[in-house]
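Worksheet: one structure, shown below.
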2 protein chains.
Amino acid sequence: MDNFTFYSPTFFAFGKDTENDAGKYVKKFGGTKVLIHYGGGSVVKSGLLDRVQKSLDAEGIPYVLLGGVKPNLRSGLVYEGIDLCKKENIDFVLAVGGGSVIDSAKAIAAGTVYDGDFWDFYSGKYIEEALPIGTILTIAAAGSEGSPDSVITKEEGMFKRGATGNALRPKFSILNPALTQTLPAYQTAAGITDILAHLHERYLTNTKEVEVTDRMIEGLMLAMVHEGPRVIADPNNYEARANIMWAGMMAHNNSCGVGRSQDWNSHDIEHELSALYDCAHGAGLAITMPAVFKYVYKHDVMRFAKLAVRVWGCQMDFDNPEVTALEGISRLEIFLKSIGMPSSFAEIGAKEEDIPTLVKTLCYGNGRNGKLNGFVSLDEKDCTNIYKMMV
Amino acid sequence: MDNFTFYSPTFFAFGKDTENDAGKYVKKFGGTKVLIHYGGGSVVKSGLLDRVQKSLDAEGIPYVLLGGVKPNLRSGLVYEGIDLCKKENIDFVLAVGGGSVIDSAKAIAAGTVYDGDFWDFYSGKYIEEALPIGTILTIAAAGSEGSPDSVITKEEGMFKRGATGNALRPKFSILNPALTQTLPAYQTAAGITDILAHLHERYLTNTKEVEVTDRMIEGLMLAMVHEGPRVIADPNNYEARANIMWAGMMAHNNSCGVGRSQDWNSHDIEHELSALYDCAHGAGLAITMPAVFKYVYKHDVMRFAKLAVRVWGCQMDFDNPEVTALEGISRLEIFLKSIGMPSSFAEIGAKEEDIPTLVKTLCYGNGRNGKLNGFVSLDEKDCTNIYKMMV
């Protein structure tokens with residue numbers, strides 16, 4: 001196991017009606033003037049935004065509203081949010097929504113206390129400081145509610161890139177599974193896929209003898225495989241929603257990824273798709289992951305065989321572990337299709353002729369040097385081959 | 001899943017040589033005058049204490065020393081520590097040792113900023129405030145390095161009782177698996193047993209549909225079952241030590257115990273043994289757990305069968321799930337024996353004739369009302385039966 005540090009100081013309030021304590025938690029964590037950041041109409045229509053405002057009112061905490069975050073959020077609104085926070089002397093950013101809203105809130109929180117262009121952080125600069133952030137989660141997917149990460153697309157160049165820093169860990173996150181019950185099935189499935197991807201990116205390691213984190217990752221995957229079909233069959237299944245929601249946080253706060261090298265190539269390859277075609281990130285991952293895994297599995301056949309046996313219940317082929325490894329990837333594909341996720345370029349509106357553009361942005365955009373480092377190092381040719389497998 | 005809050009803000013530094021950063025972390029978390037609290041001679045002989053002192057010297061942070069914590073620590077030294085902290089204006093308590101040292105440090109930290117008798121906290125009062133605590137862990141076992149809990153024995157009455165409060169969560173914990181390599185095999189095995197017990201106490205729940213935490217617990221158990229024999233066979237196996245050390249923290253910071261009722265009856269029943277006979281807590285648990293589980297398994301046969309199949313690799317007997325449930329408990333017993341743990345009263349110096357005394361202290365001591373609540377509610381008669389099974 002590699003040396004590591006781990007720090008996940010977010011306070012989580014989990015369960016029914018917990019959003020009504022938002023004001024109480026803002027106060028507890030020192031907020032005196034709040035930016036409430038949200039997305040489209042759903043949090044308005046559902047009455048959630050109203051409940052959150054009431055809870056701040058009850059604590060006598062003033063706030064300003066900034067809605068309009070879209071999935072695959074772009075940088076324009078972030079600049080607007082930063083200006084607003086500076087102008088209004090905001091000292092706490094409260095995100096009400098899914099991963100995009102939270103990631104936008106994180107960018108605003110970091111950008112407000114930074115003199116330069118916030119995009120510096122999305123070009124590799126570590127985030128040392130940010131306004132305190134709280135979240136009220138409405139989609140179990142990105143894990144941003146417990147992570148130090150944020151992903152944003154810059155319109156100029158359409159670069160979808162990530163930033164990180166412990167300052168981005170939310171002070172508190174409110175997780176009410178009931179808030180996710182109104183999600184369309186496709187969004188729910190895309191969330192499940194994103195969670196599975198966060199687990200796979202950590203599972204694909206070159207570090208030896210990391211049984212404890214292997215087992216934790218496998219356990220979380222098994223829970224998703226159990227709960228996914230249940231929630232697709234019955235969107236109102238609170239218990240399934242609750243299990244998925246906690247798994248989504250645990251999958252990405254990195255407690256099961258410590259002390260081991262990680263991958264993240266599937267994420268990087270997917271980001272180009274959701275940046276260019278505006279597909280759901282999870283849907284893009286459903287197409288990307290099987291292609292990447294088939295391309296790289298020979299690098300460590302036994303790791304893929306272990307995953308196949310332990311998570312997908314495959315019988316180990318002791319004469320031909322490769323057969324088992326590939327069967328596991330096949331089971332993943334079948335699972336993702338079964339919950340309604342796409343399996344080809346066409347289904348997300350992607351086009352074969354765009355592959356050179358995708359590869360160029362992926363490998364060289366925003367200062368990259370032509371290589372993706374991870375479980376297996378991938379160059380321009382590898383990425384081209386992988387995108388072609390997805391057509 | 002039940003509503004819950006979860007808050008685990010400890011900063012963990014994990015890996016080789018990390019103890020040399022102790023001073024840096026004390027400074028980072030605001031300590032300006034430190035009590036270094038430790039146990040017997042081993043941290044002196046190994047040079048660990050010296051390295052920790054040097055690291056504080058390097059940061060210019062003054063400290064006073066208080067050694068002498070014994071396993072199954074008692075309250076006398078806590079009172080001494082509280083007086084010392086008040087006299088010396090200590091503002092940070094640094095524990096260098098295992099669970100007993102850390103628990104003693106926690107009691108001192110809470111008692112120093114409390115006007116009453118610190119034992120109030122061990123009689124049910126929630127701990128709202130304490131001096132900040134840091135830990136340098138030398139035994140993977142108690143999980144106190146990441147937990148809000150502390151257990152102490154009061155000499156008067158020999159009550160071994162626990163206290164809790166988020167204020168007891170360490171600000172930082174330094175986990176260097178190499179520091180555990182010199183432990184005697186028996187202590188290592190007792191630590192593994194304690195970790196398994198923390199997992200079982202959470203696994204035995206009456207909350208339905210908690211697959212995500214079930215799977216996390218099972219994963220951590222599987223890792224212990226894999227690593228336990230490896231480390232007993234080769235005490236210098238750093239990788240096995242590392243996996244066990246992270247599992248020990250994860251088993252008890254409660255991320256896998258949230259939203260579900262828990263048990264803790266095995267712990268309470270054991271505490272009387274280690275209080276009275278001064279046996280290793282883990283050794284006491286090795287005797288206690290199988291007895292408790294055989295006594296209560298009929299309350300939820302399928303839960304025990306699930307544990308047997310998923311963790312112990314038993315084949316499910318679909319006609320007689322009870323057979324599988326009992327086979328799982330039997331496999332646990334075999335495992336504990338295989339790593340050198342005792343399986344009967346005599347092996348820890350316990351005596352059948354003491355059972356009435358044990359039961360009286362367990363069920364009525366320190367203000368208890370005759371009942372132990374958990375997976376199954378146990379009264380005086382139940383506890384007597386369980387102790388008799390252990391003879």
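Chains: A, B, ... in order of the structure tokens. Residues: from 1 per chain. Ligands: from 1, in order shown.
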At most 10 Å to chain B: residues in chain A, only C-alpha atoms, as a PyMOL selection string: chain A and resi 1-18+172-177+208-224+226-227+238-247+250+255-256+258-259
Write out, as a short mmCIF file (atom, residue, chain, number, x, y, z; two decimals), in the first residue's frame, the residues just selected, with C-alpha atoms.
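Okay, part_26.cif is ready:
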data_model
loop_
_atom_site.label_atom_id
_atom_site.label_comp_id
_atom_site.auth_asym_id
_atom_site.auth_seq_id
_atom_site.Cartn_x
_atom_site.Cartn_y
_atom_site.Cartn_z
CA MET A 1 0.00 0.00 0.00
CA ASP A 2 1.32 3.44 -0.85
CA ASN A 3 1.63 6.15 1.78
CA PHE A 4 -1.36 8.50 1.74
CA THR A 5 -3.28 11.18 3.57
CA PHE A 6 -7.05 11.08 3.88
CA TYR A 7 -9.29 13.88 5.05
CA SER A 8 -13.07 13.85 4.66
CA PRO A 9 -14.41 16.34 7.18
CA THR A 10 -17.87 16.84 5.66
CA PHE A 11 -20.80 16.63 8.07
CA PHE A 12 -23.52 14.45 6.53
CA ALA A 13 -27.19 14.69 7.48
CA PHE A 14 -28.94 11.78 5.82
CA GLY A 15 -32.61 10.85 5.57
CA LYS A 16 -36.14 12.06 5.23
CA ASP A 17 -36.90 15.78 5.64
CA THR A 18 -33.27 16.63 6.43
CA PHE A 172 -22.03 19.81 5.27
CA SER A 173 -24.07 17.77 2.83
CA ILE A 174 -27.74 17.00 3.20
CA LEU A 175 -28.71 13.69 1.61
CA ASN A 176 -32.44 12.96 1.48
CA PRO A 177 -33.06 9.92 -0.74
CA LYS A 208 -0.23 -4.70 -5.21
CA GLU A 209 -1.84 -6.22 -2.10
CA VAL A 210 -4.60 -3.72 -1.47
CA GLU A 211 -7.18 -6.25 -0.33
CA VAL A 212 -8.97 -3.96 2.10
CA THR A 213 -9.80 -1.31 -0.49
CA ASP A 214 -10.45 -3.96 -3.16
CA ARG A 215 -13.05 -5.53 -0.87
CA MET A 216 -14.66 -2.21 0.01
CA ILE A 217 -14.93 -1.30 -3.67
CA GLU A 218 -16.36 -4.71 -4.54
CA GLY A 219 -18.86 -4.38 -1.69
CA LEU A 220 -20.08 -1.02 -2.96
CA MET A 221 -20.32 -2.40 -6.52
CA LEU A 222 -22.33 -5.39 -5.28
CA ALA A 223 -24.72 -3.05 -3.50
CA MET A 224 -25.21 -1.07 -6.73
CA HIS A 226 -28.44 -5.21 -6.15
CA GLU A 227 -30.14 -1.83 -5.83
CA TYR A 238 -36.95 4.73 -0.78
CA GLU A 239 -34.74 2.00 0.63
CA ALA A 240 -33.06 1.30 -2.70
CA ARG A 241 -32.61 5.06 -3.21
CA ALA A 242 -31.06 5.36 0.26
CA ASN A 243 -28.57 2.55 -0.34
CA ILE A 244 -27.57 4.04 -3.68
CA MET A 245 -27.19 7.51 -2.19
CA TRP A 246 -24.79 6.44 0.56
CA ALA A 247 -22.88 4.26 -1.92
CA MET A 250 -18.64 6.37 -0.23
CA SER A 255 -11.95 6.12 1.65
CA CYS A 256 -11.87 3.09 -0.66
CA VAL A 258 -6.52 5.44 -0.60
CA GLY A 259 -2.99 4.04 -0.84
#
Exercise: Phe92 in chain A partners within 12 Å, only C-alpha atoms, chain neighbours under 2 positions left out, as JSON, numbers by chain: {"A": [23, 25, 26, 27, 28, 29, 30, 31, 32, 33, 34, 35, 36, 37, 61, 62, 63, 64, 85, 86, 88, 89, 90, 94, 95, 105, 106, 108, 109, 110, 112, 113, 130, 131, 132, 133, 134, 135, 170, 171, 172]}
Write the residues of the selection above to a file with C-alpha atoms, as an mmCIF file, in the first residue's frame.
data_model
loop_
_atom_site.group_PDB
_atom_site.id
_atom_site.type_symbol
_atom_site.label_atom_id
_atom_site.label_comp_id
_atom_site.auth_asym_id
_atom_site.auth_seq_id
_atom_site.Cartn_x
_atom_site.Cartn_y
_atom_site.Cartn_z
ATOM 1 C CA GLY A 23 -30.460 26.898 7.673
ATOM 2 C CA TYR A 25 -26.330 23.781 9.300
ATOM 3 C CA VAL A 26 -25.383 26.958 7.426
ATOM 4 C CA LYS A 27 -25.413 28.733 10.789
ATOM 5 C CA LYS A 28 -23.425 25.931 12.468
ATOM 6 C CA PHE A 29 -20.724 26.212 9.831
ATOM 7 C CA GLY A 30 -20.476 29.986 10.029
ATOM 8 C CA GLY A 31 -22.451 31.228 7.032
ATOM 9 C CA THR A 32 -23.901 34.724 7.447
ATOM 10 C CA LYS A 33 -24.739 35.578 3.840
ATOM 11 C CA VAL A 34 -25.466 32.813 1.412
ATOM 12 C CA LEU A 35 -25.494 32.217 -2.313
ATOM 13 C CA ILE A 36 -28.127 29.572 -3.058
ATOM 14 C CA HIS A 37 -27.029 27.966 -6.310
ATOM 15 C CA ILE A 61 -29.698 34.252 7.331
ATOM 16 C CA PRO A 62 -29.898 36.466 4.204
ATOM 17 C CA TYR A 63 -29.252 34.959 0.777
ATOM 18 C CA VAL A 64 -29.174 35.654 -2.923
ATOM 19 C CA CYS A 85 -20.465 36.656 -4.547
ATOM 20 C CA LYS A 86 -17.906 39.457 -4.567
ATOM 21 C CA GLU A 88 -22.860 40.766 -2.357
ATOM 22 C CA ASN A 89 -20.112 39.840 0.153
ATOM 23 C CA ILE A 90 -21.276 36.235 0.200
ATOM 24 C CA LEU A 94 -25.190 26.481 -0.748
ATOM 25 C CA ALA A 95 -25.675 24.149 -3.708
ATOM 26 C CA ALA A 105 -20.822 25.999 -6.570
ATOM 27 C CA LYS A 106 -17.330 24.704 -5.827
ATOM 28 C CA ILE A 108 -17.631 29.810 -7.571
ATOM 29 C CA ALA A 109 -16.462 29.232 -3.983
ATOM 30 C CA ALA A 110 -12.848 28.866 -5.087
ATOM 31 C CA THR A 112 -14.439 34.193 -5.254
ATOM 32 C CA VAL A 113 -11.380 34.137 -2.999
ATOM 33 C CA ALA A 130 -12.485 28.533 -1.063
ATOM 34 C CA LEU A 131 -15.615 29.923 0.540
ATOM 35 C CA PRO A 132 -17.298 27.268 2.699
ATOM 36 C CA ILE A 133 -19.757 25.137 0.759
ATOM 37 C CA GLY A 134 -22.892 23.235 1.770
ATOM 38 C CA THR A 135 -24.908 20.924 -0.451
ATOM 39 C CA PRO A 170 -18.357 20.575 1.597
ATOM 40 C CA LYS A 171 -18.736 21.664 5.229
ATOM 41 C CA PHE A 172 -22.028 19.810 5.265
#
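If only C-alpha atoms are the atoms counted, then among B:Cys363, B:Leu66, B:Met341, B:Ala251 the closest residue to Glu380 in chain B is B:Cys363.
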Please identify all polymer residues within 10 Å of Thr188 in chain A, counting only C-alpha atoms, omitting same-chain residues fewer than 5 positions from it, and present them as a compact mmCIF listing (two decimals) with C-alpha atoms, in the first residue's frame.
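Listing of result_27.txt after writing:
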# COMPACT_ATOMS: atom_id res chain seq x y z
CA ILE A 139 -29.12 13.08 -7.63
CA ALA A 140 -27.02 10.14 -6.40
CA ALA A 141 -24.23 10.08 -8.94
CA THR A 180 -34.29 11.61 -5.84
CA GLN A 181 -37.60 9.75 -6.26
CA THR A 182 -38.88 12.12 -8.92
CA LEU A 183 -35.86 11.69 -11.19
CA THR A 193 -23.40 4.21 -13.87
CA ASP A 194 -21.35 7.18 -12.67
CA GLY A 228 -29.96 -0.61 -9.44
CA VAL A 231 -34.94 1.37 -8.23
CA ILE A 232 -35.45 1.18 -11.99
CA PRO A 235 -38.67 4.71 -8.68
CA ARG A 241 -32.61 5.06 -3.21
CA ILE A 244 -27.57 4.04 -3.68
CA GLY A 282 -23.23 8.49 -16.85
CA ILE A 339 -31.02 -0.40 -16.48
CA GLY A 340 -31.56 1.52 -19.72
CA of Arg331 in chain A to CA of Cys314 in chain A, straight-line distance in Å: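 About the pair CA of Cys314 in chain A and CA of Arg331 in chain A: they are 8.7 Å apart.
CA of Ser261 in chain A sits 6.0 Å away from CA of Asn206 in chain A.
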Filtered DSSP result for range 104-283 of chain B, state strand (DSSP E or B), as a ChimeraX atom specification: /B:133-137,149-154,159-164,172-175
Using C-alpha atoms, can you write the selected residues to a file as a compact mmCIF listing (two decimals), in the first residue's frame?
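Final output, out.txt:
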# COMPACT_ATOMS: atom_id res chain seq x y z
CA ILE B 133 -6.41 15.24 20.31
CA GLY B 134 -3.86 13.71 17.96
CA THR B 135 -2.83 10.06 17.82
CA ILE B 136 0.13 7.99 16.71
CA LEU B 137 -1.23 4.47 16.53
CA ASP B 149 -15.52 6.77 21.56
CA SER B 150 -13.44 5.98 24.64
CA VAL B 151 -13.62 3.06 27.08
CA ILE B 152 -12.22 3.21 30.61
CA THR B 153 -12.37 1.10 33.79
CA LYS B 154 -13.16 2.84 37.06
CA PHE B 159 -16.88 -0.64 35.94
CA LYS B 160 -15.58 -0.74 32.36
CA ARG B 161 -17.69 1.74 30.51
CA GLY B 162 -17.69 3.83 27.33
CA ALA B 163 -18.16 7.52 26.58
CA THR B 164 -18.82 9.24 23.27
CA PHE B 172 -5.25 13.90 13.20
CA SER B 173 -4.15 10.30 13.41
CA ILE B 174 -0.83 8.97 12.21
CA LEU B 175 -1.02 5.36 11.07
Shell around Cys279 in chain A at 12 Å using only C-alpha atoms, local window under 4 positions removed, as a list in words: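 Everything that qualifies: Lys70, Pro71, Asn72, Leu73, Tyr186, Gln187, Ala190, Glu270, His271, Glu272, Leu273, Ser274, Ala275, Ala283, Gly284, Leu285, Ala286, Ile287, Met341, Pro342, Phe345, Ala346, Glu347, Ile348, Gly349 and Ala350 of chain A.
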Got time to write the residues from that selection, C-alpha atoms, as a PDB file, in the first residue's frame?
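Saved result, out-v2.pdb, follows:
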ATOM      1  CA  LYS A  70     -27.263  23.011 -16.737  1.00  0.00           C
ATOM      2  CA  PRO A  71     -25.987  19.418 -16.872  1.00  0.00           C
ATOM      3  CA  ASN A  72     -22.386  19.450 -18.168  1.00  0.00           C
ATOM      4  CA  LEU A  73     -22.205  22.902 -16.722  1.00  0.00           C
ATOM      5  CA  TYR A 186     -32.658   7.544 -17.398  1.00  0.00           C
ATOM      6  CA  GLN A 187     -31.089  10.048 -14.990  1.00  0.00           C
ATOM      7  CA  ALA A 190     -26.909   7.439 -15.436  1.00  0.00           C
ATOM      8  CA  GLU A 270     -16.006  10.235 -21.558  1.00  0.00           C
ATOM      9  CA  HIS A 271     -15.662  13.916 -20.698  1.00  0.00           C
ATOM     10  CA  GLU A 272     -15.011  14.683 -24.359  1.00  0.00           C
ATOM     11  CA  LEU A 273     -18.330  13.043 -25.246  1.00  0.00           C
ATOM     12  CA  SER A 274     -20.477  14.914 -22.735  1.00  0.00           C
ATOM     13  CA  ALA A 275     -18.649  18.162 -23.547  1.00  0.00           C
ATOM     14  CA  ALA A 283     -24.626   7.578 -20.263  1.00  0.00           C
ATOM     15  CA  GLY A 284     -21.283   8.428 -21.832  1.00  0.00           C
ATOM     16  CA  LEU A 285     -19.542   6.284 -19.219  1.00  0.00           C
ATOM     17  CA  ALA A 286     -21.837   3.342 -20.011  1.00  0.00           C
ATOM     18  CA  ILE A 287     -20.423   3.362 -23.527  1.00  0.00           C
ATOM     19  CA  MET A 341     -28.118   2.855 -20.515  1.00  0.00           C
ATOM     20  CA  PRO A 342     -26.841   3.205 -24.093  1.00  0.00           C
ATOM     21  CA  PHE A 345     -22.039   6.166 -30.141  1.00  0.00           C
ATOM     22  CA  ALA A 346     -25.284   6.616 -32.086  1.00  0.00           C
ATOM     23  CA  GLU A 347     -27.422   6.388 -28.955  1.00  0.00           C
ATOM     24  CA  ILE A 348     -25.838   9.531 -27.484  1.00  0.00           C
ATOM     25  CA  GLY A 349     -25.672  11.366 -30.815  1.00  0.00           C
ATOM     26  CA  ALA A 350     -21.934  10.864 -31.207  1.00  0.00           C
TER      27      ALA A 350
END
